[in-house]
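These notes concern the structure reproduced below.
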Amino acid sequence: MIDHAHDLESVREATERLLTAVAELEAASVTQSSRLPGWSRGHVLAHLARNADALANVLHGRPMYVDATVRDADIERDAPRPLAVQLADLRDSAARFQEAGAAPADWSRTVELRNGVTDAAARVPFRRRAEVELHHVDLGIGYELEDLPEEFAVREIDFLAERFAGHPDVPPTRIEDGTRVWHSGREAEGPEVTVEGSRADLLGWLAGRRDGAALTVRGGPLPALPPL
């Protein structure tokens, strides 16, 4: 059972960690490159602010984005803003998301996200948390995959392994971190490939943040995963 109230509080805590870290940056660093190809840190911060508003839209029953073109244009428009403006926007948009989450609602209802993807409303807070946690890492300011809370890392691996489950281009894959096992890829009687490594390295590979070089692979090459 998904505890959306717990996840909303976890989003708030993750956002505070992010805001505290970003507030300590030098003003000029917002224009420097992030770890995401083609994006500055300003792009990442702008995306996080607009994503908060987009997911608030979802909780209010509105379209997440008008369309992909508007989403991308908003990020490009907001990326060059001064650091202080980025921080204020991120703080205010996060508050709007929390306000939307606090409103009385049927959390079992189905909501629509981008590209026709649907999910239970109760999963939206965790989706927001993933945005905040992973993009905090993407900023390249000292917060690493190894720093992610254990509970979040396990749940995000759960989520991503499930996302690739049944995908025709991903071989039947067993994923191990030494304490837990996940299954992903095409359906089969048994795994074709076993991938083992630390939780941070597994999450990095599944989320497209690491190339998987630190992982141990048995039964074949490391599966190439489709983009998220």
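Going through the structure tokens in order, the chains are called A, B, and so on, while each chain numbers its residues from 1 and the ligands are numbered from 1 in the order shown.
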For the structure I just gave you, how does DSSP split range 32-132 of chain A - specifically, which residues are strand (DSSP E)? Reply as an NGL selection string. :A and (110-112 or 118-120)
Neighbours of range 205-208 of chain A within 8 Å (only C-alpha atoms; same-chain residues fewer than 3 positions away dropped), as a ChimeraX atom specification? /A:157,160-161,201-202,211-212,225,227-228
Closest to His6 in chain A among A:Glu112, A:Asp74, A:Glu151, A:Glu189, using only C-alpha atoms?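 Smallest distance to His6 in chain A is found for A:Glu151.
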If you count only C-alpha atoms, which residues fall within 7 Å of Val195 in chain A, apart from same-chain ones fewer than 5 positions away, as a list in words? Arg174, Ile175, Glu176, Leu215, Thr216, Val217 and Arg218 of chain A
Could you please take those selected residues and save N, CA, C and O atoms as a PDB file, in the first residue's frame?
```pdb
ATOM      1  N   ARG A 174      18.159 -10.584 -14.063  1.00  0.00           N
ATOM      2  CA  ARG A 174      18.127 -10.682 -12.604  1.00  0.00           C
ATOM      3  C   ARG A 174      19.083  -9.620 -12.063  1.00  0.00           C
ATOM      4  O   ARG A 174      20.233  -9.520 -12.510  1.00  0.00           O
ATOM      5  N   ILE A 175      18.610  -8.827 -11.121  1.00  0.00           N
ATOM      6  CA  ILE A 175      19.383  -7.715 -10.572  1.00  0.00           C
ATOM      7  C   ILE A 175      19.589  -7.966  -9.087  1.00  0.00           C
ATOM      8  O   ILE A 175      18.625  -8.207  -8.352  1.00  0.00           O
ATOM      9  N   GLU A 176      20.846  -7.902  -8.638  1.00  0.00           N
ATOM     10  CA  GLU A 176      21.165  -8.224  -7.244  1.00  0.00           C
ATOM     11  C   GLU A 176      22.064  -7.148  -6.633  1.00  0.00           C
ATOM     12  O   GLU A 176      22.992  -6.672  -7.289  1.00  0.00           O
ATOM     13  N   LEU A 215      29.571  -2.696 -12.441  1.00  0.00           N
ATOM     14  CA  LEU A 215      28.696  -3.837 -12.172  1.00  0.00           C
ATOM     15  C   LEU A 215      29.328  -5.142 -12.647  1.00  0.00           C
ATOM     16  O   LEU A 215      30.119  -5.153 -13.597  1.00  0.00           O
ATOM     17  N   THR A 216      28.954  -6.230 -12.010  1.00  0.00           N
ATOM     18  CA  THR A 216      29.358  -7.570 -12.436  1.00  0.00           C
ATOM     19  C   THR A 216      28.213  -8.175 -13.231  1.00  0.00           C
ATOM     20  O   THR A 216      27.060  -8.179 -12.773  1.00  0.00           O
ATOM     21  N   VAL A 217      28.509  -8.660 -14.422  1.00  0.00           N
ATOM     22  CA  VAL A 217      27.472  -9.186 -15.310  1.00  0.00           C
ATOM     23  C   VAL A 217      27.799 -10.637 -15.654  1.00  0.00           C
ATOM     24  O   VAL A 217      28.919 -10.948 -16.047  1.00  0.00           O
ATOM     25  N   ARG A 218      26.810 -11.511 -15.501  1.00  0.00           N
ATOM     26  CA  ARG A 218      26.978 -12.922 -15.836  1.00  0.00           C
ATOM     27  C   ARG A 218      25.892 -13.338 -16.820  1.00  0.00           C
ATOM     28  O   ARG A 218      24.746 -12.906 -16.714  1.00  0.00           O
TER      29      ARG A 218
END
```
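In this model, the gap between CA of Ala122 in chain A and CA of His4 in chain A comes to 5.2 Å.
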Would you pick out the contacts of Gly166 in chain A at 10 Å or less, using only C-alpha atoms, so that residues sharing its chain but fewer than 6 positions from it are not included, and give the list as a VMD selection string? chain A and resid 172 183 to 188
Determine the nearest neighbour of Pro125 in chain A from the options A:Asp7, A:Asp89, A:Glu13, A:Asp53, counting only C-alpha atoms.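 Closest to Pro125 in chain A, using only C-alpha atoms: A:Asp7.
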Can you pull out the residues contacting Val124 in chain A? Cut-off 10 Å, using only C-alpha atoms, and skip same-chain residues under 5 positions away; I want them as a PDB file with C-alpha atoms, in the first residue's frame.
```pdb
ATOM      1  CA  HIS A   4       1.196   9.177  -0.082  1.00  0.00           C
ATOM      2  CA  ASP A   7       5.932  10.390   0.463  1.00  0.00           C
ATOM      3  CA  LEU A   8       4.769  14.007   0.602  1.00  0.00           C
ATOM      4  CA  LEU A  55       2.719  17.467 -11.006  1.00  0.00           C
ATOM      5  CA  ALA A  56       0.526  19.900  -9.065  1.00  0.00           C
ATOM      6  CA  VAL A  58      -1.842  16.414 -12.330  1.00  0.00           C
ATOM      7  CA  LEU A  59      -3.114  16.345  -8.753  1.00  0.00           C
ATOM      8  CA  GLY A 101      -0.950  17.225  -2.143  1.00  0.00           C
ATOM      9  CA  TRP A 107      -5.742   9.005  -3.848  1.00  0.00           C
ATOM     10  CA  VAL A 111      -4.167  10.282 -13.195  1.00  0.00           C
ATOM     11  CA  LEU A 113       1.104  12.100 -16.797  1.00  0.00           C
ATOM     12  CA  ASP A 119      -0.641   5.981 -12.702  1.00  0.00           C
ATOM     13  CA  ARG A 129      10.649  12.696  -4.891  1.00  0.00           C
ATOM     14  CA  ALA A 130      12.561  10.832  -7.601  1.00  0.00           C
TER      15      ALA A 130
END
```
Would you please work out which residue, of A:Glu146, A:Gly197, A:Gly178, A:Thr173, is nearest to Gly220 in chain A when using only C-alpha atoms? A:Thr173
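Taking CA of Ala28 in chain A as the reference point, CA of Thr69 in chain A is found at 28.0 Å.
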Residues near Ala49 in chain A, anyone? I mean within 10 Å using only C-alpha atoms, not counting same-chain ones fewer than 5 positions away, as number ranges by chain. A: 43-44, 54, 75, 78, 86-94, 97, 132
Write out as a ChimeraX atom specification the residues lying within 12 Å of His136 in chain A, counting only C-alpha atoms and excluding same-chain residues fewer than 4 positions away. /A:14-22,34-36,41,44-45,47-48,129-132,140-145,147-148
